[in-house]
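A.B. asks: I'd like to ask you about the structure that follows.
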Amino acid sequence: MKPDSNQPERKSNTFGYHRPIKPLASWKSHQKIAFTIFLAFFVLGGIVSIFTPPVYRAESLINFPPRRISSLSEQDRIPMDGYDAFAQNQVYHLQRPELLKKALQTLDFQNLEWNHGGDLEESLLVLEEKVTVQRLAGSYLISIAMEDTQPADLAKTVDAIVEVYLREVREGTLTNEDQHKIKLLARKGDLENTLKTLNARIAVLAKELGLLAGEDKLVNPFRNEIEFLSNKLVEARSELIKAQANLATVKAAEEAITPEEILAKAMLLVDDDPELKEQLKFLREREALLETRKFELEQLGEEEISEQIDPLEISDLVRIKVDQHELEQNRKDYVKTREEAITTRAETLSAESKKRITAAATLEKNASETVKRFENQLQQYTADREAFTDKYNEVKQIEKDLQRNHLLLTKVEEQIDIFAEEEVAPGLIQLEQKAQTPTEPVQHYRLKNLGIFTLVGIILALLIPLGIDYFNPWVLGPSDVAPIVHSPPLGWILERKDEKCKLFAREQLRRLARVIDEKRGVEKLKLLAISSARPGGGASELCCLLADEFVNLGLKALVIEANAFRPDNRFTAGHGGPGLIDLLNGEAASEEVIRKSQGGLPDCITVGETKGQRILPEKNIAEVFKKLSGKYDLCLVDTPPALLSADAELLARICDATLLLVETERVTLNEMARAASILNRASQGATQVVLNKVRVFKDGGYFAEMLSEYEDPTRKPPSSFWGDLLLKYHKKF
């Protein structure tokens, strides 16, 4: 049976699998664990709160209204931003180790009830942990408080800290105001000198750049020149490339011509010379004439010559010889002249070749010099532009520095003015409330511990059920199948714990039967092996239920019990006849072993008498099953568990397709992966998984909403809020 997904078949494994989190299902499934965790932490928090010793608190208040003098005019108030900084500064001073140490020295610190330390340094560390100083929101008060399980000496210690602080405020030794004022004046002088230097520098730069006062942007004067030179440089480089290519072409062409080729070309040019052509023509005509005359005279004998030729003709013979000699001399002169002309012409061609190479080299040199000239000019203009940009950026940075230094100078002058006014103003800070020895413990100290334990209990009660399901090794639902076996389950059957679940499970069985029937028609499916991963997985029951559904669909179905490992009692009860083993051994015919439908069972073949053997005989098993499949539309083979018996592989190899029945919460992910891998190796097609006994929770879990809709078709859909929440945390299958 081929899988519905288009993914390639891969080896089943659980490596890297992360189960999706389903909060509703996890909390409902492990609600007892969650409630136990919450209750345990709540009780533990209550116990801890009861046995926690009471905490006492002593507090003193210091008032510092935001005024410089006793006048009520608004202009005398401290600005609120300055006031906040002043208040935070006082909070810091009240917690300084030096001030706390002075307060301890005014007390008999070694005999204080809260002090568990020894020397002064250890006592100081203890005091720093117990003292808290904070500004009270919405008021002009600072709170100095101290908490401990022993109420004695708390108020005394707090009052000592306040006393030391107020004394230092009155004496002006708290922050060394005189030295601070001197530092502020020196800082003011430094800032003024810095401002003068910066103003002088910016004036020089503005003059160099031609920057007018108040001008924010300035066009760089070198930009257009650089753009023009860049274009020219591109053109010059293009010409240089052309010149270099021309030089290479000319040089290659001229150097490729050999002296013999030059000489041959010179000969062609000389032979085309009109004068030499005319001279050669004249020589050839005279030569032909003399040859003709000579031939005529040679045909006549001496007597014939003396009789027929007159004396004048005899003189012509002499003249012919003279002309022949002269013609030979002219021929030699022609050859000499021609050779000299060829030599001269060859030298001229060589000189012209060198001139062409020289001309191309000159063009290349000129183009290269032009490129270098433009590059040097562009480099110079670029340097000028960068210098201009640097100066302009320096101007902008100086402007920022001027603004920052002006702000610093203003703040320094404000601080100096504050010191000047405080010298003639009365003291602002005064004691608002002295610390009192506490008689009642702090009310919230018990609730704090209880709240912490309760919060931790709630968080753990929510997270631990999710972690249990996330790391649970058992198969819980359909979402665990596809990541392990790389194909979705062919079907799933709910746990039939009541009548409603049985009805819904029947609907799922009918759907599964129809899916198998469709595949039967497409893939010519006749033998279907059904195997469970572990014993008791429900393979026999599924075979019978599916057979009933196939009969309802009008098909002839036969259930073959091939489980010699552990036969099912429902097949063997009341039946003592021959079975599958007898059929395989040839001791019974197929008509004898087929048991017709009766007692709620479909047509079936029991395994028969095993006689202690836990495996089937392999002889003729393929032929026997093939013959049985010819008698029915579909044969359902109940095989032994895939993880325990080798017969499961044997039967999977014989059958056309294999179903692996996995019982949820009784088979681990690794066991499902191993069983699927075993059957995949043996089966003719890919093994499909069917889940059995999938649990349903009333308030959430797998198929909870689907079952509710099945029970009540008129049920209203959930509200949009709860619908979105269910879609987000609880996907339906």
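Residue numbering restarts at 1 in every chain; chains get A, B, ... in the order shown in the structure tokens, and ligands count up from 1 in that same order.
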Excluding stretch 604-620 of chain A and any residue of its chain fewer than 4 positions from it, enumerate the residues within 10 Å of it, using only C-alpha atoms, and give them as a ChimeraX atom specification.
C.D. replies: /A:543-544,547,557-572,575-586,590,592-598,624-626,635-638,640,645-648,650-651
A.B. asks: When you count only C-alpha atoms, which of these residues is closest to A:Thr52: A:Leu378, A:Leu455, A:Met146, A:Leu450?
C.D. replies: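 Once distances to A:Thr52 are computed over only C-alpha atoms, the minimum belongs to A:Leu450.
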A.B. asks: May I have the residues within 7 Å of A:Leu205 as number ranges by chain, using only C-alpha atoms and disregarding those fewer than 3 positions away in the same chain?
C.D. replies: A: 201-202, 208-209, 391, 395
A.B. asks: Using only C-alpha atoms, please write the residues we just selected to a file, as a PDB file, in the first residue's frame.
C.D. replies:
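File out-v6.pdb, as written:
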```pdb
ATOM      1  CA  ARG A 201      40.248  77.644  14.292  1.00  0.00           C
ATOM      2  CA  ILE A 202      36.813  77.773  12.717  1.00  0.00           C
ATOM      3  CA  GLU A 208      40.162  79.006   3.563  1.00  0.00           C
ATOM      4  CA  LEU A 209      36.945  77.415   2.388  1.00  0.00           C
ATOM      5  CA  LYS A 391      38.387  70.932   6.378  1.00  0.00           C
ATOM      6  CA  VAL A 395      34.317  72.877  10.634  1.00  0.00           C
TER       7      VAL A 395
END
```
